Each structure stands twice: as C-alpha cells, then as structure tokens.
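Student: My structure file query_10.cif, mmCIF, C-alpha atoms and all ligand atoms, is below:
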```cif
data_structure
#
loop_
_atom_site.group_PDB
_atom_site.id
_atom_site.type_symbol
_atom_site.label_atom_id
_atom_site.label_comp_id
_atom_site.auth_asym_id
_atom_site.auth_seq_id
_atom_site.Cartn_x
_atom_site.Cartn_y
_atom_site.Cartn_z
ATOM 1 C CA MET A 1 13.858 10.091 27.953
ATOM 2 C CA SER A 2 15.214 6.943 26.302
ATOM 3 C CA ASP A 3 18.471 6.939 24.389
ATOM 4 C CA THR A 4 17.158 6.386 20.846
ATOM 5 C CA PRO A 5 16.302 9.804 19.465
ATOM 6 C CA ILE A 6 12.781 10.129 18.125
ATOM 7 C CA TYR A 7 14.313 11.876 15.095
ATOM 8 C CA ASP A 8 17.739 11.470 13.650
ATOM 9 C CA ILE A 9 18.123 13.509 10.488
ATOM 10 C CA GLU A 10 21.226 13.437 8.373
ATOM 11 C CA ASN A 11 22.290 15.705 5.524
ATOM 12 C CA LEU A 12 18.734 16.271 4.305
ATOM 13 C CA HIS A 13 18.248 17.906 0.912
ATOM 14 C CA LEU A 14 14.858 18.828 -0.513
ATOM 15 C CA SER A 15 13.997 20.840 -3.605
ATOM 16 C CA PHE A 16 10.858 22.035 -5.416
ATOM 17 C CA PRO A 17 10.322 22.717 -9.111
ATOM 18 C CA ASP A 18 11.214 26.364 -9.760
ATOM 19 C CA LEU A 19 7.989 27.416 -11.426
ATOM 20 C CA ALA A 20 9.016 31.086 -11.545
ATOM 21 C CA HIS A 21 11.843 30.270 -13.946
ATOM 22 C CA LYS A 22 10.399 27.434 -15.979
ATOM 23 C CA PRO A 23 12.175 27.049 -19.309
ATOM 24 C CA LEU A 24 9.962 27.020 -22.418
ATOM 25 C CA LEU A 25 11.170 23.537 -23.240
ATOM 26 C CA GLY A 26 11.901 20.661 -20.895
ATOM 27 C CA PRO A 27 11.296 20.169 -17.199
ATOM 28 C CA ALA A 28 11.382 23.028 -14.683
ATOM 29 C CA LEU A 29 14.665 23.622 -12.915
ATOM 30 C CA ARG A 30 14.581 22.873 -9.227
ATOM 31 C CA VAL A 31 15.199 25.200 -6.336
ATOM 32 C CA GLU A 32 16.805 23.701 -3.276
ATOM 33 C CA ILE A 33 15.031 24.642 -0.028
ATOM 34 C CA LEU A 34 16.719 22.332 2.500
ATOM 35 C CA LYS A 35 20.467 22.255 2.015
ATOM 36 C CA GLY A 36 21.977 19.464 4.040
ATOM 37 C CA ILE A 37 20.094 19.603 7.353
ATOM 38 C CA SER A 38 21.303 17.364 10.176
ATOM 39 C CA LEU A 39 19.703 17.231 13.600
ATOM 40 C CA SER A 40 18.625 14.908 16.315
ATOM 41 C CA ILE A 41 15.618 15.218 18.639
ATOM 42 C CA ALA A 42 15.452 13.288 21.897
ATOM 43 C CA LYS A 43 12.210 11.698 23.029
ATOM 44 C CA GLY A 44 10.225 14.056 25.212
ATOM 45 C CA ASP A 45 12.027 17.148 23.966
ATOM 46 C CA VAL A 46 10.341 20.358 22.866
ATOM 47 C CA VAL A 47 12.211 21.928 19.966
ATOM 48 C CA GLY A 48 11.528 25.371 18.596
ATOM 49 C CA ILE A 49 12.237 25.959 14.901
ATOM 50 C CA VAL A 50 12.856 29.601 14.029
ATOM 51 C CA GLY A 51 14.192 31.541 11.083
ATOM 52 C CA GLY A 52 13.169 34.175 8.579
ATOM 53 C CA SER A 53 10.294 33.845 6.171
ATOM 54 C CA GLY A 54 11.105 31.284 3.476
ATOM 55 C CA SER A 55 14.028 29.782 5.413
ATOM 56 C CA GLY A 56 12.458 26.319 5.111
ATOM 57 C CA LYS A 57 10.864 25.812 8.562
ATOM 58 C CA SER A 58 7.570 24.385 7.292
ATOM 59 C CA THR A 59 9.354 22.402 4.586
ATOM 60 C CA LEU A 60 11.568 20.768 7.211
ATOM 61 C CA GLY A 61 8.561 20.031 9.442
ATOM 62 C CA ARG A 62 6.575 18.549 6.572
ATOM 63 C CA ALA A 63 9.500 16.400 5.509
ATOM 64 C CA MET A 64 9.809 15.103 9.087
ATOM 65 C CA ILE A 65 6.247 13.806 9.058
ATOM 66 C CA ARG A 66 6.713 12.717 5.442
ATOM 67 C CA LEU A 67 4.159 14.992 3.860
ATOM 68 C CA LEU A 68 7.126 15.740 1.584
ATOM 69 C CA GLU A 69 9.749 13.346 0.247
ATOM 70 C CA PRO A 70 13.367 14.522 0.481
ATOM 71 C CA ASP A 71 15.756 14.320 -2.497
ATOM 72 C CA SER A 72 18.550 12.804 -0.441
ATOM 73 C CA GLY A 73 19.858 12.354 3.065
ATOM 74 C CA ALA A 74 18.070 10.374 5.770
ATOM 75 C CA ILE A 75 15.200 10.786 8.210
ATOM 76 C CA ARG A 76 15.135 8.140 10.917
ATOM 77 C CA PHE A 77 12.032 8.100 13.099
ATOM 78 C CA ASP A 78 12.517 6.130 16.311
ATOM 79 C CA GLY A 79 15.309 4.216 14.599
ATOM 80 C CA GLN A 80 13.399 3.464 11.377
ATOM 81 C CA ASP A 81 14.482 5.001 8.069
ATOM 82 C CA ILE A 82 11.359 6.712 6.683
ATOM 83 C CA THR A 83 13.086 8.901 4.068
ATOM 84 C CA HIS A 84 11.592 7.248 0.996
ATOM 85 C CA LEU A 85 8.784 5.062 2.360
ATOM 86 C CA ASP A 86 5.686 5.012 0.145
ATOM 87 C CA GLU A 87 2.223 5.825 1.477
ATOM 88 C CA ASP A 88 1.361 2.176 2.160
ATOM 89 C CA ALA A 89 4.452 1.734 4.280
ATOM 90 C CA LEU A 90 3.848 5.075 6.009
ATOM 91 C CA ARG A 91 0.215 4.331 6.949
ATOM 92 C CA PRO A 92 0.939 2.447 10.190
ATOM 93 C CA LEU A 93 3.406 5.168 11.177
ATOM 94 C CA ARG A 94 1.028 8.066 10.546
ATOM 95 C CA ARG A 95 -0.648 7.448 13.913
ATOM 96 C CA ARG A 96 2.698 8.119 15.555
ATOM 97 C CA PHE A 97 3.334 11.574 14.114
ATOM 98 C CA GLN A 98 0.639 14.198 13.918
ATOM 99 C CA MET A 99 0.426 17.852 13.034
ATOM 100 C CA ILE A 100 -1.429 20.847 14.432
ATOM 101 C CA PHE A 101 -2.116 23.458 11.783
ATOM 102 C CA GLN A 102 -1.835 27.221 11.811
ATOM 103 C CA ASP A 103 -5.416 28.077 11.001
ATOM 104 C CA PRO A 104 -7.943 25.836 12.757
ATOM 105 C CA MET A 105 -10.804 27.445 10.846
ATOM 106 C CA SER A 106 -9.520 26.193 7.515
ATOM 107 C CA SER A 107 -8.029 22.933 8.791
ATOM 108 C CA LEU A 108 -11.264 21.784 10.480
ATOM 109 C CA ASN A 109 -13.985 20.642 8.101
ATOM 110 C CA PRO A 110 -16.878 23.090 8.694
ATOM 111 C CA ARG A 111 -19.494 20.444 7.848
ATOM 112 C CA ARG A 112 -18.341 17.954 10.445
ATOM 113 C CA THR A 113 -19.004 18.007 14.158
ATOM 114 C CA VAL A 114 -16.168 18.290 16.651
ATOM 115 C CA GLY A 115 -16.683 14.614 17.541
ATOM 116 C CA ALA A 116 -16.379 13.528 13.901
ATOM 117 C CA ILE A 117 -13.300 15.719 13.378
ATOM 118 C CA ILE A 118 -11.451 14.238 16.357
ATOM 119 C CA ALA A 119 -12.552 10.731 15.383
ATOM 120 C CA GLY A 120 -11.217 11.188 11.807
ATOM 121 C CA PRO A 121 -7.599 10.025 12.296
ATOM 122 C CA LEU A 122 -8.767 7.272 14.690
ATOM 123 C CA ARG A 123 -11.105 5.801 12.080
ATOM 124 C CA LEU A 124 -8.411 6.055 9.399
ATOM 125 C CA GLN A 125 -6.160 4.006 11.631
ATOM 126 C CA GLY A 126 -8.871 1.446 12.393
ATOM 127 C CA VAL A 127 -8.465 2.106 16.116
ATOM 128 C CA ASP A 128 -11.042 0.582 18.490
ATOM 129 C CA ARG A 129 -12.997 2.403 21.239
ATOM 130 C CA VAL A 130 -13.222 5.514 19.057
ATOM 131 C CA SER A 131 -15.969 7.164 21.083
ATOM 132 C CA ALA A 132 -14.142 6.741 24.396
ATOM 133 C CA ARG A 133 -10.947 8.074 22.858
ATOM 134 C CA VAL A 134 -12.730 11.162 21.533
ATOM 135 C CA ASP A 135 -14.048 11.861 25.045
ATOM 136 C CA GLN A 136 -10.594 11.334 26.471
ATOM 137 C CA ALA A 137 -9.038 13.742 23.957
ATOM 138 C CA LEU A 138 -11.655 16.388 24.791
ATOM 139 C CA ASP A 139 -10.911 15.912 28.496
ATOM 140 C CA HIS A 140 -7.184 16.354 27.837
ATOM 141 C CA VAL A 141 -7.662 19.683 26.075
ATOM 142 C CA GLY A 142 -10.177 20.970 28.611
ATOM 143 C CA LEU A 143 -13.255 21.055 26.380
ATOM 144 C CA PRO A 144 -16.607 19.728 27.602
ATOM 145 C CA ARG A 145 -17.647 16.378 26.120
ATOM 146 C CA ALA A 146 -20.886 18.044 25.031
ATOM 147 C CA PHE A 147 -18.786 19.861 22.383
ATOM 148 C CA ARG A 148 -18.815 16.629 20.348
ATOM 149 C CA THR A 149 -22.010 17.720 18.644
ATOM 150 C CA ARG A 150 -20.895 21.280 17.898
ATOM 151 C CA TYR A 151 -19.549 22.618 14.615
ATOM 152 C CA PRO A 152 -16.295 24.610 14.243
ATOM 153 C CA HIS A 153 -18.091 27.889 13.489
ATOM 154 C CA GLU A 154 -19.856 27.665 16.860
ATOM 155 C CA LEU A 155 -16.518 27.811 18.700
ATOM 156 C CA SER A 156 -14.058 30.593 19.533
ATOM 157 C CA GLY A 157 -10.614 30.651 17.883
ATOM 158 C CA GLY A 158 -8.978 29.255 21.034
ATOM 159 C CA GLN A 159 -11.565 26.480 21.317
ATOM 160 C CA ARG A 160 -11.057 25.566 17.662
ATOM 161 C CA GLN A 161 -7.334 25.295 18.220
ATOM 162 C CA ARG A 162 -8.050 22.983 21.181
ATOM 163 C CA VAL A 163 -10.066 20.788 18.821
ATOM 164 C CA GLY A 164 -7.035 20.732 16.471
ATOM 165 C CA ILE A 165 -4.872 19.659 19.400
ATOM 166 C CA ALA A 166 -7.429 17.038 20.510
ATOM 167 C CA ARG A 167 -7.427 15.597 16.974
ATOM 168 C CA ALA A 168 -3.635 15.450 17.016
ATOM 169 C CA ILE A 169 -3.337 13.729 20.409
ATOM 170 C CA ALA A 170 -6.272 11.318 19.952
ATOM 171 C CA THR A 171 -4.100 8.708 18.204
ATOM 172 C CA GLU A 172 -1.593 8.889 21.077
ATOM 173 C CA PRO A 173 1.276 10.019 18.839
ATOM 174 C CA ASP A 174 4.926 10.103 19.841
ATOM 175 C CA PHE A 175 5.610 13.299 17.948
ATOM 176 C CA ILE A 176 3.601 16.418 17.113
ATOM 177 C CA LEU A 177 4.559 19.142 14.668
ATOM 178 C CA ALA A 178 2.947 22.468 15.540
ATOM 179 C CA ASP A 179 3.333 25.004 12.727
ATOM 180 C CA GLU A 180 2.574 28.601 13.767
ATOM 181 C CA ILE A 181 -0.395 27.379 15.761
ATOM 182 C CA VAL A 182 -0.963 30.437 17.924
ATOM 183 C CA SER A 183 -0.255 33.212 15.455
ATOM 184 C CA GLY A 184 -3.929 33.684 14.571
ATOM 185 C CA LEU A 185 -5.107 33.906 18.194
ATOM 186 C CA ASP A 186 -5.493 36.830 20.572
ATOM 187 C CA VAL A 187 -2.938 37.050 23.374
ATOM 188 C CA SER A 188 -5.088 35.455 26.060
ATOM 189 C CA SER A 189 -6.088 32.493 23.846
ATOM 190 C CA GLN A 190 -2.425 32.133 22.860
ATOM 191 C CA ALA A 191 -1.516 31.868 26.514
ATOM 192 C CA GLN A 192 -4.147 29.235 27.177
ATOM 193 C CA VAL A 193 -3.147 27.123 24.177
ATOM 194 C CA LEU A 194 0.541 27.322 25.125
ATOM 195 C CA ASN A 195 -0.174 26.384 28.740
ATOM 196 C CA LEU A 196 -2.201 23.452 27.479
ATOM 197 C CA LEU A 197 0.641 22.283 25.227
ATOM 198 C CA GLU A 198 3.119 22.507 28.097
ATOM 199 C CA GLN A 199 0.808 20.423 30.247
ATOM 200 C CA LEU A 200 0.264 17.808 27.507
ATOM 201 C CA VAL A 201 3.996 17.446 26.896
ATOM 202 C CA GLN A 202 4.359 16.631 30.607
ATOM 203 C CA GLU A 203 1.309 14.396 30.933
ATOM 204 C CA LEU A 204 1.561 12.457 27.677
ATOM 205 C CA GLY A 205 5.334 12.431 27.257
ATOM 206 C CA LEU A 206 4.975 13.998 23.808
ATOM 207 C CA THR A 207 7.860 15.173 21.711
ATOM 208 C CA LEU A 208 7.032 18.478 20.087
ATOM 209 C CA ALA A 209 8.522 20.544 17.284
ATOM 210 C CA PHE A 210 7.158 24.036 17.408
ATOM 211 C CA ILE A 211 7.557 26.388 14.450
ATOM 212 C CA SER A 212 7.034 30.038 15.301
ATOM 213 C CA HIS A 213 7.978 33.561 14.337
ATOM 214 C CA ASP A 214 7.423 34.590 17.923
ATOM 215 C CA LEU A 215 10.668 34.192 19.827
ATOM 216 C CA SER A 216 9.064 34.993 23.167
ATOM 217 C CA VAL A 217 6.821 31.955 22.682
ATOM 218 C CA ILE A 218 9.826 29.819 21.722
ATOM 219 C CA ARG A 219 11.763 30.957 24.766
ATOM 220 C CA ARG A 220 8.873 30.140 27.010
ATOM 221 C CA LEU A 221 7.959 26.742 25.588
ATOM 222 C CA CYS A 222 10.966 25.066 24.009
ATOM 223 C CA ARG A 223 13.874 23.289 25.672
ATOM 224 C CA HIS A 224 15.980 23.439 22.509
ATOM 225 C CA THR A 225 15.907 25.881 19.628
ATOM 226 C CA LEU A 226 16.986 25.337 16.047
ATOM 227 C CA VAL A 227 17.734 28.369 13.900
ATOM 228 C CA LEU A 228 17.384 28.009 10.133
ATOM 229 C CA TYR A 229 18.802 30.407 7.577
ATOM 230 C CA ARG A 230 18.154 29.791 3.893
ATOM 231 C CA GLY A 231 17.726 26.072 4.336
ATOM 232 C CA GLU A 232 20.697 25.497 6.633
ATOM 233 C CA VAL A 233 20.970 25.046 10.387
ATOM 234 C CA VAL A 234 22.988 27.919 11.794
ATOM 235 C CA GLU A 235 22.522 27.099 15.467
ATOM 236 C CA TYR A 236 20.829 24.343 17.487
ATOM 237 C CA ARG A 237 21.212 24.490 21.231
ATOM 238 C CA GLU A 238 19.464 24.717 24.554
ATOM 239 C CA THR A 239 17.028 27.596 24.333
ATOM 240 C CA GLN A 240 18.251 29.313 27.475
ATOM 241 C CA ALA A 241 21.888 29.244 26.337
ATOM 242 C CA LEU A 242 20.969 30.359 22.837
ATOM 243 C CA PHE A 243 19.032 33.360 24.108
ATOM 244 C CA ASP A 244 21.661 34.255 26.704
ATOM 245 C CA ALA A 245 24.626 34.048 24.329
ATOM 246 C CA PRO A 246 23.723 33.512 20.675
ATOM 247 C CA GLN A 247 26.713 32.183 18.765
ATOM 248 C CA ALA A 248 25.766 32.675 15.137
ATOM 249 C CA ALA A 249 25.612 36.208 13.765
ATOM 250 C CA TYR A 250 22.232 35.414 12.237
ATOM 251 C CA THR A 251 20.776 34.337 15.613
ATOM 252 C CA ARG A 252 21.974 37.615 17.123
ATOM 253 C CA GLU A 253 20.218 39.490 14.327
ATOM 254 C CA LEU A 254 16.994 37.574 14.963
ATOM 255 C CA LEU A 255 17.142 38.262 18.693
ATOM 256 C CA ASP A 256 17.977 41.928 18.167
ATOM 257 C CA ALA A 257 14.917 42.303 16.007
ATOM 258 C CA ILE A 258 12.444 41.568 18.809
ATOM 259 C CA PRO A 259 11.416 44.239 21.264
ATOM 260 C CA LEU A 260 12.349 43.537 24.891
ATOM 261 C CA PRO A 261 8.816 43.780 26.322
ATOM 262 C CA ASP A 262 7.832 40.808 24.145
ATOM 263 C CA LEU A 263 10.589 38.750 25.674
ATOM 264 C CA GLU A 264 9.538 39.713 29.167
ATOM 265 C CA GLN A 265 5.953 38.715 28.537
ATOM 266 C CA VAL A 266 4.657 36.201 31.065
ATOM 267 C CA TRP A 267 1.436 34.331 30.739
ATOM 268 C CA ASP A 268 0.632 32.798 34.043
HETATM 269 N N1 LIG B 301 5.069 22.972 -2.545
HETATM 270 C C1 LIG B 301 5.962 23.912 -2.889
HETATM 271 N N2 LIG B 301 6.334 24.111 -4.177
HETATM 272 C C2 LIG B 301 7.246 25.037 -4.512
HETATM 273 N N3 LIG B 301 7.863 25.846 -3.615
HETATM 274 C C3 LIG B 301 7.538 25.715 -2.319
HETATM 275 C C4 LIG B 301 6.568 24.747 -1.884
HETATM 276 N N4 LIG B 301 6.456 24.839 -0.521
HETATM 277 C C5 LIG B 301 7.296 25.824 -0.141
HETATM 278 N N5 LIG B 301 7.937 26.340 -1.207
HETATM 279 C C6 LIG B 301 8.956 27.389 -1.167
HETATM 280 O O1 LIG B 301 9.974 26.977 -0.279
HETATM 281 C C7 LIG B 301 10.499 28.084 0.460
HETATM 282 C C8 LIG B 301 10.482 27.761 1.923
HETATM 283 O O2 LIG B 301 9.124 27.676 2.345
HETATM 284 P P1 LIG B 301 8.712 27.317 3.831
HETATM 285 O O3 LIG B 301 7.225 27.412 3.905
HETATM 286 O O4 LIG B 301 9.362 26.049 4.227
HETATM 287 O O5 LIG B 301 9.387 28.513 4.636
HETATM 288 P P2 LIG B 301 9.131 29.002 6.109
HETATM 289 O O6 LIG B 301 10.459 29.194 6.735
HETATM 290 O O7 LIG B 301 8.183 28.083 6.807
HETATM 291 O O8 LIG B 301 8.473 30.400 5.825
HETATM 292 P P3 LIG B 301 7.317 31.215 6.562
HETATM 293 O O9 LIG B 301 7.896 31.638 7.863
HETATM 294 O O10 LIG B 301 7.087 32.370 5.641
HETATM 295 O O11 LIG B 301 6.146 30.278 6.687
HETATM 296 C C9 LIG B 301 9.659 29.278 0.074
HETATM 297 O O12 LIG B 301 10.377 30.014 -0.882
HETATM 298 C C10 LIG B 301 8.426 28.672 -0.545
HETATM 299 O O13 LIG B 301 7.885 29.513 -1.539
#
```
Could you spell out this file's structure in structure tokens?
Ligand SMILES: Nc1ncnc2c1ncn2[C@@H]1O[C@H](COP(=O)(O)OP(=O)(O)OP(=O)(O)O)[C@@H](O)[C@H]1O

Tutor:
Amino acid sequence: MSDTPIYDIENLHLSFPDLAHKPLLGPALRVEILKGISLSIAKGDVVGIVGGSGSGKSTLGRAMIRLLEPDSGAIRFDGQDITHLDEDALRPLRRRFQMIFQDPMSSLNPRRTVGAIIAGPLRLQGVDRVSARVDQALDHVGLPRAFRTRYPHELSGGQRQRVGIARAIATEPDFILADEIVSGLDVSSQAQVLNLLEQLVQELGLTLAFISHDLSVIRRLCRHTLVLYRGEVVEYRETQALFDAPQAAYTRELLDAIPLPDLEQVWD
C-alpha cells in the first residue's frame, strides 16, 4: 500500500430535495442525508460500510464515485479533488472507479451479449485491445470465454453477478464500489462471489468499498468497517477490533441484532 490514500473525504455534506414536504410555492426544502462525513481509505484496503436502512450508505458510495455531487466538503481521489468536477473532467477518471450493482438482472442490458456488456465501459473509454481485455476479464471471474455470445437471461444469478464484476474490473480500476451485491443470491452463489472478490482484491490490488446489511459478510471480507447512523460516521475501525469490542452504542445495537449462527458462518 502506498502512502497517499485512494480516498480522503473531509466534512462531506449532501442533501436531496425533500419532495415529501414540498411547499406549494417556491423550491422544495432540502433534506440532508450526509452530515459532515470524514474518512480516509488506504490503497488496497477493503472497507465495509454498514448502517440501518436510510442511513446514507448508498448515497455516500455514489458521491465517492461522483454519481452524486456533494453540497460541500471535499472528496479527494488519489490526491485529486473531484468534489465538484463536471462530467467532462470526470470522464478520464471514470475508468479508475467502477461500481458493481445489487441486481445484475436489471443492471445488465438484456438485449446485449455478455461480451458487449463487458466491452461497454472499455469502448466508452476508447481503450484499445477491447476483445483481449474482455477475454481477460472473463478469465479473472472464472467464466468461460464462450460466454461472450450469451445473453444475461441464459445465465444463473451467480454467473450474472460475475459478469457485473468482469465489467467492473475490465477497465483495470483502482477502486470498486460494491453495493449490496450478494443480497439477491442464494447462499452458495454468495460464497462463490465473495471468494472471487477476495481473490481479485489480492490479484489486482483493488481497493474495495463494500456496502452490506449482512454483518457476517462484512466480518469475513472487510479489513476495516465504517458504521453510519443517520448520515454520520459513528465508528470506523479495523473490522476485527470493531466486532470484538464495539465502541459506539449504535454499533453494539447493530451487532446485537444479528443471530450468532450467521456470524459463525464459514464459506470455504
Ligand atoms: N435521489 C434521491 N432523491 C431524494 N432522496 C433520496 C435520493 N436517494 C436517496 N434518497 C434518500 O436518502 C436517504 C438515504 O438513502 P440511501 O440509499 O443512501 O440509504 P442506505 O443507507 O443505502 O439505505 P438502504 O440500506 O435502505 O439501501 C433515504 O431516505 C432515501 O430515501
């Protein structure tokens, strides 16, 4: 790991229009979702982001890869301030941060072949040797190259999620955001996808932020864990230490809410 963090986030605030309470006249009030988030992620780290429903996990993740623009504060990606960059300025950076989505069935275009799906971000970036890179990405996720000509509906849920991962790694990104990516899969496919991610982090030196409701998955996969509560960081520490001796009352509540057998689950 080098010394410059891949992410350095300072006092981040982000709000949305409050459509539920829109006044009859004038602009909608805004509701603040991220309330002064600060955190740093080292290169090569795997960070779990946990917290109750609506605590702002996805909003934070989407701000990090600049699918959302913060109101204030700063997001520095590998030393570069990306907080308010416009789309033109972001384009060359988009190759460097990718996302894997929750539901591969709806995030993969059903009318495109697996090969075309994986090639999508490569073509957008004007990368050369697209075909070879698609093959390489399929190799990395353990899918046969012959899958290039298949369509998403011809694949199992676990295979589709591998295609989502192949698409994300094809541009050789530095950072991947994975938002609830195993929650729609059966337990054995979950295990395979998680093992694959662990292996890719090692092999490709990826940095990964992993949003999940499932604390047993977080404990297994993530070196550090960040706990969000209503848009604020309540705890951010090494996963092992956090699980062994949670410091914030809210973290203790979260941990108490999961049944022990889940925590003891082992996959391989
Ligand atoms: N584009 C948007 N416009 C308005 N409100 C939004 C938007 N996106 C998210 N929100 C609101 O922001 C809050 C936080 O949402 P977010 O998806 O970040 O939470 P989360 O912690 O990921 O929750 P979950 O675990 O349920 O996915 C929610 O109240 C949500 O309704």

Student: What does the list of residues within 10 Å of ligand LIG 301 (chain B) look like if you count all atoms listed in the file, written as an NGL selection string?

Tutor: :A and (14-20 or 30-34 or 49-63 or 68 or 102 or 179-180 or 211-213 or 228-231)

Student: Show me as a PyMOL selection string the residues that reach within 10 Å of (18.4, 6.7, 8.0), counting all atoms listed in the file and using the file's own coordinates.

Tutor: chain A and resi 7-10+73-77+79-84

Student: List the neighbours of Ser72 of chain A out to 8 Å using only C-alpha atoms; skip same-chain residues closer than 3 positions along the sequence, and give me the result as a short mmCIF file (atom, residue, chain, number, x, y, z; two decimals) with C-alpha atoms, in the frame of the given file.

Tutor:
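Okay, this is what ended up in selection.cif:
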```cif
data_model
loop_
_atom_site.label_atom_id
_atom_site.label_comp_id
_atom_site.auth_asym_id
_atom_site.auth_seq_id
_atom_site.Cartn_x
_atom_site.Cartn_y
_atom_site.Cartn_z
CA ASN A 11 22.29 15.70 5.52
CA LEU A 12 18.73 16.27 4.30
CA HIS A 13 18.25 17.91 0.91
CA LEU A 14 14.86 18.83 -0.51
#
```

Student: Rank nothing, just name the residue among A:Ile100, A:Leu221, A:Ser156, A:Glu253 nearest to Ala168 of chain A, using all atoms listed in the file.

Tutor: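 That would be A:Ile100, the residue with the smallest distance to Ala168 of chain A.
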
Student: Could you list, as a list in words, every residue within 10 Å of Val141 of chain A, counting all atoms listed in the file and ignoring same-chain residues fewer than 3 positions away?

Tutor: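 Result of the neighbour search: Gln136, Ala137, Leu138, Pro144, Gln159, Gln161, Arg162, Val163, Gly164, Ile165, Ala166, Arg167, Ile169, Val193, Leu196, Leu197, Gln199 and Leu200 of chain A.
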
Student: Between A:Gln125, A:Ser183, A:Ser188, A:Ser40, which is the closest to Arg91 of chain A once you count all atoms listed in the file?

Tutor: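 Nearest to Arg91 of chain A: A:Gln125.
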
Student: Ranking A:Gln98, A:Gln202, A:Thr239, A:Ser131 by minimum distance to Leu226 of chain A and counting all atoms listed in the file, which one comes first?

Tutor: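 Once distances to Leu226 of chain A are computed over all atoms listed in the file, the minimum belongs to A:Thr239.
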
Student: For a quick check of understanding, using all atoms listed in the file, which of A:Arg95, A:Arg148, A:Arg111, A:His153 has the smallest distance to Gly126 of chain A?

Tutor: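 Comparing A:Arg95, A:Arg148, A:Arg111, A:His153 against Gly126 of chain A, the winner is A:Arg95.
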
Student: What does the structure give for the distance between atom CA of Leu215 of chain A and atom CA of Ala257 of chain A, in Å to one decimal?

Tutor: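 Distance reported for this atom pair: 9.9 Å.
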
Student: From the set A:Leu24, A:Ile65, A:Ala241, A:Val127, which residue has the shortest atom-to-atom contact distance to Phe175 of chain A, counting all atoms listed in the file?

Tutor: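 Comparing A:Leu24, A:Ile65, A:Ala241, A:Val127 against Phe175 of chain A, the winner is A:Ile65.
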
Student: Go ahead and compute the interatomic distance for atom CA of Glu238 of chain A and atom CA of Ala42 of chain A, in Å to one decimal.

Tutor: 12.4 Å
